[in-house]
Amino acid sequence: MTILVTGGAGYIGSHTCLALLEQGYDVVAVDNFCNSSPESLRRVEELTGKKVPLYELDVRDEAALKAVFARHDISCVIHFAGLKAVGESVQLPLNYYENNLLSTMTLLRVMDGAGVKNIIFSSSATVYSTENTMPLTETGRLGCSNPYGWTKFMCEEIITDWVKAKADWSAVLLRYFNPVGAHPSGRMGEAPNGIPNNLMPFITQTACGVRKELVIFGDDYPTPDGTCVRDYIHVMDLAEGHVAAIEYAAKHKGTEVFNLGTGTGYSVLDMVKAFEEVNHLSLPHRIGPRRAGDIAQCYANPSKSRELLHWTAKRTLKDMCADAWHWQQQNPRGYDA
Ligand code: NAD
Ligand code: UFG
């Protein structure tokens with residue numbers, strides 16, 4: 001069974017390609033490398049001993065995408081391709097709407113033409129309104145505070161409407177919480193361009209001296225230690241969640257939405273402490289002002305995924321910290337080195 005992975009060279013996409021190959025699926029990847037490098041998939045091949053046909057294309061390029069569907073017997077698509085930086089989406093909203101919405105619509109049309117009816121979509125916990133109480137269930141109120149979030153919300157709507165119109169399609173919308181960590185080999189991990197926005201790559205770059213210190217964005221939130229609480233999930237657990245979603249889509253019609261999180265929230269200070277303890281180092285850090293747009297707490301109720309996908313996150317906070325650090329140490333410049 002062949003799975004087409006859009007955005008397959010990216011952080012979550014590359015780890016998912018590896019998990020799919022390990023479970024016996026064949027994988028074809030497409031990516032325009034606007035935020036990644038083909039080296040990630042070369043390493044997937046190195047680790048698995050299997051080939052991943054990789055096409056450099058923009059998912060909005062209908063003709064190029066059609067050609068890939070014509071060459072391979074694809075059963076299901078996992079759609080990771082998209083722009084994902086919240087702050088950048090506020091500065092460049094049209095880039096986000098154009099890229100994320102048009103790529104999704106083009107993909108659905110090409111899938112339709114090729115007779116491929118199963119899609120797994122990368123959504124985000126950011127689609128939940130800040131008015132919900134924690135933990136978040138899939139029926140929580142929706143609403144976003146930035147263009148990136150709205151693109152995920154709108155893609156969920158587009159896919160849901162499309163699947164309603166096509167009685168024999170299956171769509172699984174996966175709302176990720178905070179993916180962190182890396183493959184335990186140290187050969188694959190997160191390689192953000194420029195200064196990282198996200199906590200874990202900022203921590204690892206600070207630990208190896210690329211950044212001077214971590215600034216913790218606020219310690220006056222209504223949380224146990226005053227710093228924000230998030231549901232950090234190991235990227236390999238997330239990758240395995242996609243394998244479970246493919247199996248679910250193969251057996252069900254219609255659209256279903258799932259949280260992919262652990263159900264446990266950790267504060268920024270918890271993360272700093274765990275990283276220091278697990279890796280036997282001291283991380284320069286100080287408290288700074290709050291970051292605009294952050295919410296105090298965000299964590300999942302993952303029971304629907306456990307019951308229907310038969311998936312649950314297995315890796316611990318210790319694994320997340322150890323694997324992220326292992327990757328950073330082996331690859332201080334990401335895939336470029
Ligand atoms: P990433 O940037 O590492 O991967 C996205 C990949 O898509 C990149 O390789 C990029 O080059 C490619 N891409 C972007 N637009 C494209 C286009 N039009 N055509 C072809 N390729 C294109 O990001 P990631 O962290 O692996 O995230 C994967 C998906 O999961 C994204 O859709 C993201 O919005 C979503 N998501 C990520 C997080 C997170 O914290 N990492 C959280 C929730 C949801
Ligand atoms: N943080 C710091 N210092 C930093 C970076 C982050 O204190 O240098 C804090 C943030 O204030 C926040 C926490 O660490 O409290 C996590 O921040 P991230 O930027 O790593 O993650 P977010 O929860 O803000 O957002 C992430 C993704 C979104 C996605 C969301 C889903 O960036 O795309 O998770 O829950 F939508």
# chains A, B, ... in the order shown; residues from 1 in each chain; ligands from 1
$ residues_near_ligand --ligand "ligand 1" --cutoff "8 Å" --atoms "only C-alpha atoms and all ligand atoms" --output "PDB file with C-alpha atoms, in the first residue's frame"
ATOM      1  CA  THR A   6       2.969  16.061   1.074  1.00  0.00           C
ATOM      2  CA  GLY A   7       5.518  18.124   2.977  1.00  0.00           C
ATOM      3  CA  GLY A   8       7.338  14.828   3.472  1.00  0.00           C
ATOM      4  CA  ALA A   9      10.764  16.453   3.944  1.00  0.00           C
ATOM      5  CA  GLY A  10       9.535  18.566   6.885  1.00  0.00           C
ATOM      6  CA  TYR A  11       9.904  17.862  10.583  1.00  0.00           C
ATOM      7  CA  ILE A  12       6.768  15.804  11.221  1.00  0.00           C
ATOM      8  CA  GLY A  13       6.535  14.555   7.618  1.00  0.00           C
ATOM      9  CA  SER A  14       9.993  12.983   7.603  1.00  0.00           C
ATOM     10  CA  VAL A  30       6.461  15.651  -2.425  1.00  0.00           C
ATOM     11  CA  ASP A  31       7.869  18.913  -1.095  1.00  0.00           C
ATOM     12  CA  ASN A  32       8.923  22.314  -2.440  1.00  0.00           C
ATOM     13  CA  PHE A  33      11.618  22.605   0.294  1.00  0.00           C
ATOM     14  CA  CYS A  34      10.450  26.098   1.285  1.00  0.00           C
ATOM     15  CA  ASN A  35      11.100  25.050   4.902  1.00  0.00           C
ATOM     16  CA  SER A  36      13.109  21.836   4.630  1.00  0.00           C
ATOM     17  CA  SER A  37      15.856  19.980   2.848  1.00  0.00           C
ATOM     18  CA  GLU A  56      10.319  18.609  -5.742  1.00  0.00           C
ATOM     19  CA  LEU A  57       7.052  20.397  -6.458  1.00  0.00           C
ATOM     20  CA  ASP A  58       4.585  22.864  -5.042  1.00  0.00           C
ATOM     21  CA  VAL A  59       1.321  21.165  -4.102  1.00  0.00           C
ATOM     22  CA  ARG A  60      -0.495  24.071  -5.779  1.00  0.00           C
ATOM     23  CA  HIS A  79      -1.170  16.275   3.819  1.00  0.00           C
ATOM     24  CA  PHE A  80       1.530  18.002   5.904  1.00  0.00           C
ATOM     25  CA  ALA A  81       2.554  20.646   3.330  1.00  0.00           C
ATOM     26  CA  GLY A  82       1.885  24.109   4.655  1.00  0.00           C
ATOM     27  CA  LEU A  83       3.364  27.201   6.231  1.00  0.00           C
ATOM     28  CA  LYS A  84       3.305  27.057  10.030  1.00  0.00           C
ATOM     29  CA  ALA A  85       4.839  30.111  11.732  1.00  0.00           C
ATOM     30  CA  ASN A  99      -0.322  28.472   0.328  1.00  0.00           C
ATOM     31  CA  ASN A 100      -2.322  26.525   2.881  1.00  0.00           C
ATOM     32  CA  SER A 103      -2.541  23.514  -1.720  1.00  0.00           C
ATOM     33  CA  PHE A 121      -4.823  16.235   7.366  1.00  0.00           C
ATOM     34  CA  SER A 122      -2.386  18.035   9.712  1.00  0.00           C
ATOM     35  CA  SER A 123      -4.473  20.333  11.828  1.00  0.00           C
ATOM     36  CA  SER A 124      -3.568  21.938  15.110  1.00  0.00           C
ATOM     37  CA  ALA A 125      -4.763  22.550  18.650  1.00  0.00           C
ATOM     38  CA  THR A 126      -4.634  26.192  17.632  1.00  0.00           C
ATOM     39  CA  TYR A 148      -2.182  30.503  10.490  1.00  0.00           C
ATOM     40  CA  LYS A 152      -6.145  25.187   9.619  1.00  0.00           C
ATOM     41  CA  ARG A 175      -5.164  18.230  15.788  1.00  0.00           C
ATOM     42  CA  TYR A 176      -1.584  18.157  17.038  1.00  0.00           C
ATOM     43  CA  PHE A 177      -0.561  19.606  20.359  1.00  0.00           C
ATOM     44  CA  ASN A 178       3.141  20.549  20.777  1.00  0.00           C
ATOM     45  CA  PRO A 179       5.426  18.214  18.801  1.00  0.00           C
ATOM     46  CA  VAL A 180       8.986  18.020  20.159  1.00  0.00           C
ATOM     47  CA  GLU A 190      13.689  19.490  13.887  1.00  0.00           C
ATOM     48  CA  ALA A 191      15.748  21.949  11.825  1.00  0.00           C
ATOM     49  CA  PRO A 192      14.073  25.357  11.990  1.00  0.00           C
ATOM     50  CA  ASN A 198       9.267  27.194  19.422  1.00  0.00           C
TER      51      ASN A 198
END
$ select_by_dssp --residues "stretch 140-325 of chain A" --states "alpha helix (DSSP H)" --output "NGL selection string"
:A and (147-165 or 199-207 or 235-251 or 268-279 or 303-304 or 317-325)
$ select_by_dssp --residues "stretch 74-257 of chain A" --states "strand (DSSP E or B)" --output "ChimeraX atom specification"
/A:74-79,118-124,128,136,142,170-176,178-180,214-217,229-230,232-234,254-257
$ closest_residue --among "A:Glu307, A:Asp270, A:Glu98, A:Asp220" --to "A:Pro147" --atoms "only C-alpha atoms"
A:Glu98
$ closest_atom_pairs --of "chain A" --to "ligand 2" --cutoff "8 Å" --atoms "only C-alpha atoms and all ligand atoms" --output "JSON lines"
{"residue": "A:Lys84", "atom": "CA", "partner": "ligand 2", "partner_atom_place_in_ligand_line": "33 (O)", "distance": 5.7}
{"residue": "A:Ala85", "atom": "CA", "partner": "ligand 2", "partner_atom_place_in_ligand_line": "33 (O)", "distance": 6.2}
{"residue": "A:Val86", "atom": "CA", "partner": "ligand 2", "partner_atom_place_in_ligand_line": "33 (O)", "distance": 6.0}
{"residue": "A:Ser124", "atom": "CA", "partner": "ligand 2", "partner_atom_place_in_ligand_line": "36 (F)", "distance": 5.0}
{"residue": "A:Ala125", "atom": "CA", "partner": "ligand 2", "partner_atom_place_in_ligand_line": "31 (C)", "distance": 4.4}
{"residue": "A:Thr126", "atom": "CA", "partner": "ligand 2", "partner_atom_place_in_ligand_line": "36 (F)", "distance": 4.2}
{"residue": "A:Val127", "atom": "CA", "partner": "ligand 2", "partner_atom_place_in_ligand_line": "36 (F)", "distance": 7.6}
{"residue": "A:Tyr148", "atom": "CA", "partner": "ligand 2", "partner_atom_place_in_ligand_line": "33 (O)", "distance": 7.8}
{"residue": "A:Gly149", "atom": "CA", "partner": "ligand 2", "partner_atom_place_in_ligand_line": "36 (F)", "distance": 6.8}
{"residue": "A:Arg175", "atom": "CA", "partner": "ligand 2", "partner_atom_place_in_ligand_line": "31 (C)", "distance": 7.9}
{"residue": "A:Tyr176", "atom": "CA", "partner": "ligand 2", "partner_atom_place_in_ligand_line": "31 (C)", "distance": 6.1}
{"residue": "A:Phe177", "atom": "CA", "partner": "ligand 2", "partner_atom_place_in_ligand_line": "35 (O)", "distance": 4.1}
{"residue": "A:Asn178", "atom": "CA", "partner": "ligand 2", "partner_atom_place_in_ligand_line": "34 (O)", "distance": 4.6}
{"residue": "A:Pro179", "atom": "CA", "partner": "ligand 2", "partner_atom_place_in_ligand_line": "34 (O)", "distance": 7.4}
{"residue": "A:Pro196", "atom": "CA", "partner": "ligand 2", "partner_atom_place_in_ligand_line": "8 (O)", "distance": 7.4}
{"residue": "A:Asn197", "atom": "CA", "partner": "ligand 2", "partner_atom_place_in_ligand_line": "19 (O)", "distance": 5.3}
{"residue": "A:Asn198", "atom": "CA", "partner": "ligand 2", "partner_atom_place_in_ligand_line": "20 (O)", "distance": 3.3}
{"residue": "A:Leu199", "atom": "CA", "partner": "ligand 2", "partner_atom_place_in_ligand_line": "5 (C)", "distance": 3.8}
{"residue": "A:Met200", "atom": "CA", "partner": "ligand 2", "partner_atom_place_in_ligand_line": "20 (O)", "distance": 6.4}
{"residue": "A:Phe202", "atom": "CA", "partner": "ligand 2", "partner_atom_place_in_ligand_line": "8 (O)", "distance": 5.7}
{"residue": "A:Ile203", "atom": "CA", "partner": "ligand 2", "partner_atom_place_in_ligand_line": "8 (O)", "distance": 7.5}
{"residue": "A:Leu214", "atom": "CA", "partner": "ligand 2", "partner_atom_place_in_ligand_line": "8 (O)", "distance": 5.7}
{"residue": "A:Val215", "atom": "CA", "partner": "ligand 2", "partner_atom_place_in_ligand_line": "3 (N)", "distance": 5.2}
{"residue": "A:Ile216", "atom": "CA", "partner": "ligand 2", "partner_atom_place_in_ligand_line": "7 (O)", "distance": 3.4}
{"residue": "A:Phe217", "atom": "CA", "partner": "ligand 2", "partner_atom_place_in_ligand_line": "7 (O)", "distance": 3.9}
{"residue": "A:Gly218", "atom": "CA", "partner": "ligand 2", "partner_atom_place_in_ligand_line": "7 (O)", "distance": 6.9}
{"residue": "A:Thr227", "atom": "CA", "partner": "ligand 2", "partner_atom_place_in_ligand_line": "15 (O)", "distance": 6.8}
{"residue": "A:Cys228", "atom": "CA", "partner": "ligand 2", "partner_atom_place_in_ligand_line": "15 (O)", "distance": 4.3}
{"residue": "A:Val229", "atom": "CA", "partner": "ligand 2", "partner_atom_place_in_ligand_line": "15 (O)", "distance": 6.3}
{"residue": "A:Arg230", "atom": "CA", "partner": "ligand 2", "partner_atom_place_in_ligand_line": "23 (O)", "distance": 6.1}
{"residue": "A:Asp231", "atom": "CA", "partner": "ligand 2", "partner_atom_place_in_ligand_line": "35 (O)", "distance": 7.4}
{"residue": "A:Ser267", "atom": "CA", "partner": "ligand 2", "partner_atom_place_in_ligand_line": "15 (O)", "distance": 7.5}
{"residue": "A:Val268", "atom": "CA", "partner": "ligand 2", "partner_atom_place_in_ligand_line": "14 (O)", "distance": 5.5}
{"residue": "A:Arg290", "atom": "CA", "partner": "ligand 2", "partner_atom_place_in_ligand_line": "11 (O)", "distance": 6.9}
{"residue": "A:Arg291", "atom": "CA", "partner": "ligand 2", "partner_atom_place_in_ligand_line": "11 (O)", "distance": 5.8}
{"residue": "A:Asp294", "atom": "CA", "partner": "ligand 2", "partner_atom_place_in_ligand_line": "11 (O)", "distance": 5.9}
{"residue": "A:Ile295", "atom": "CA", "partner": "ligand 2", "partner_atom_place_in_ligand_line": "15 (O)", "distance": 7.2}
{"residue": "A:Ala296", "atom": "CA", "partner": "ligand 2", "partner_atom_place_in_ligand_line": "15 (O)", "distance": 7.1}
{"residue": "A:Cys298", "atom": "CA", "partner": "ligand 2", "partner_atom_place_in_ligand_line": "35 (O)", "distance": 6.7}
{"residue": "A:Tyr299", "atom": "CA", "partner": "ligand 2", "partner_atom_place_in_ligand_line": "35 (O)", "distance": 7.8}
$ residues_around --residues "A:Asp237" --least-positions-apart "2" --cutoff "7 Å" --atoms "only C-alpha atoms" --output "ChimeraX atom specification"
/A:233-235,239-241,313-315
$ residues_around --residues "A:Glu247" --least-positions-apart "2" --cutoff "12 Å" --atoms "only C-alpha atoms" --output "NGL selection string"
:A and (1 or 3 or 20 or 23 or 25 or 75-76 or 118-120 or 170-172 or 240-245 or 249-253 or 308-311)
$ closest_residue --among "A:Pro222, A:Val28, A:Met188, A:Glu22" --to "A:Gly49" --atoms "only C-alpha atoms"
A:Glu22
$ atom_distance --atom1 "atom CA of A:Asp323" --atom2 "atom CA of A:Thr204"
10.4 Å
$ closest_residue --among "A:Cys155, A:Leu317, A:Ala67, A:Met134" --to "A:Tyr266" --atoms "only C-alpha atoms"
A:Leu317
$ atom_distance --atom1 "atom CA of A:Glu256" --atom2 "atom CA of A:Glu138"
9.6 Å
$ residues_around --residues "A:Thr139" --least-positions-apart "4" --cutoff "10 Å" --atoms "only C-alpha atoms" --output "ChimeraX atom specification"
/A:128,257-258
$ write_last_selection --atoms "N, CA, C and O atoms" --output "CSV table (one decimal), in the first residue's frame"
chain,number,residue,atom,x,y,z
A,128,TYR,N,-8.7,25.5,18.4
A,128,TYR,CA,-9.6,25.6,19.6
A,128,TYR,C,-9.7,27.0,20.1
A,128,TYR,O,-8.6,27.7,20.3
A,257,VAL,N,-12.4,13.8,13.5
A,257,VAL,CA,-11.3,14.6,14.0
A,257,VAL,C,-10.8,14.0,15.3
A,257,VAL,O,-11.5,13.5,16.1
A,258,PHE,N,-9.5,14.1,15.5
A,258,PHE,CA,-8.8,13.5,16.6
A,258,PHE,C,-7.8,14.5,17.2
A,258,PHE,O,-7.0,15.0,16.4
$ atom_distance --atom1 "atom CA of A:Thr223" --atom2 "atom CA of A:Gly261"
19.3 Å
$ decode --residues "stretch 113-140 of chain A" --atoms "N, CA and C atoms" --output "compact mmCIF listing (two decimals), in the first residue's frame"
# COMPACT_ATOMS: atom_id res chain seq x y z
N GLY A 113 -9.53 13.25 -9.23
CA GLY A 113 -9.27 12.83 -10.60
C GLY A 113 -8.58 11.47 -10.65
N ALA A 114 -7.76 11.19 -9.64
CA ALA A 114 -7.00 9.94 -9.63
C ALA A 114 -7.76 8.82 -8.91
N GLY A 115 -8.92 9.13 -8.36
CA GLY A 115 -9.71 8.11 -7.66
C GLY A 115 -9.14 7.73 -6.29
N VAL A 116 -8.37 8.64 -5.68
CA VAL A 116 -7.83 8.38 -4.33
C VAL A 116 -8.76 9.07 -3.33
N LYS A 117 -9.25 8.33 -2.35
CA LYS A 117 -10.36 8.83 -1.53
C LYS A 117 -10.07 8.96 -0.04
N ASN A 118 -8.84 8.70 0.35
CA ASN A 118 -8.52 8.78 1.78
C ASN A 118 -7.47 9.85 2.04
N ILE A 119 -7.79 10.76 2.97
CA ILE A 119 -6.84 11.84 3.29
C ILE A 119 -6.71 12.01 4.80
N ILE A 120 -5.47 12.20 5.22
CA ILE A 120 -5.17 12.52 6.63
C ILE A 120 -4.63 13.95 6.61
N PHE A 121 -5.21 14.82 7.42
CA PHE A 121 -4.82 16.24 7.37
C PHE A 121 -4.20 16.69 8.68
N SER A 122 -3.08 17.45 8.56
CA SER A 122 -2.39 18.04 9.71
C SER A 122 -3.12 19.27 10.18
N SER A 123 -3.89 19.14 11.23
CA SER A 123 -4.47 20.33 11.83
C SER A 123 -3.73 20.61 13.14
N SER A 124 -4.32 21.46 13.95
CA SER A 124 -3.57 21.94 15.11
C SER A 124 -4.52 22.27 16.26
N ALA A 125 -3.99 22.15 17.47
CA ALA A 125 -4.76 22.55 18.65
C ALA A 125 -5.07 24.04 18.61
N THR A 126 -4.40 24.76 17.73
CA THR A 126 -4.63 26.19 17.63
C THR A 126 -6.03 26.52 17.10
N VAL A 127 -6.74 25.52 16.55
CA VAL A 127 -8.12 25.80 16.08
C VAL A 127 -9.11 25.91 17.23
N TYR A 128 -8.71 25.51 18.44
CA TYR A 128 -9.64 25.61 19.58
C TYR A 128 -9.69 27.04 20.10
N SER A 129 -10.88 27.50 20.38
CA SER A 129 -11.06 28.83 20.97
C SER A 129 -10.42 28.87 22.36
N THR A 130 -9.97 30.05 22.76
CA THR A 130 -9.35 30.19 24.08
C THR A 130 -10.40 30.13 25.19
N GLU A 131 -11.68 30.08 24.81
CA GLU A 131 -12.73 30.05 25.84
C GLU A 131 -12.96 28.66 26.42
N ASN A 132 -12.37 27.62 25.83
CA ASN A 132 -12.61 26.26 26.32
C ASN A 132 -11.92 26.04 27.67
N THR A 133 -12.47 25.08 28.43
CA THR A 133 -11.74 24.67 29.62
C THR A 133 -10.87 23.46 29.27
N MET A 134 -9.81 23.26 30.06
CA MET A 134 -8.88 22.15 29.78
C MET A 134 -9.34 20.91 30.54
N PRO A 135 -9.05 19.69 30.06
CA PRO A 135 -8.40 19.40 28.80
C PRO A 135 -9.36 19.56 27.61
N LEU A 136 -8.79 19.80 26.43
CA LEU A 136 -9.58 20.05 25.24
C LEU A 136 -10.09 18.74 24.63
N THR A 137 -11.40 18.69 24.39
CA THR A 137 -11.95 17.55 23.65
C THR A 137 -12.27 18.02 22.23
N GLU A 138 -12.45 17.07 21.34
CA GLU A 138 -12.66 17.38 19.92
C GLU A 138 -13.94 18.18 19.69
N THR A 139 -14.87 18.13 20.65
CA THR A 139 -16.12 18.87 20.49
C THR A 139 -16.02 20.30 21.04
N GLY A 140 -14.83 20.67 21.48
CA GLY A 140 -14.63 22.02 22.04
C GLY A 140 -14.97 23.10 21.02
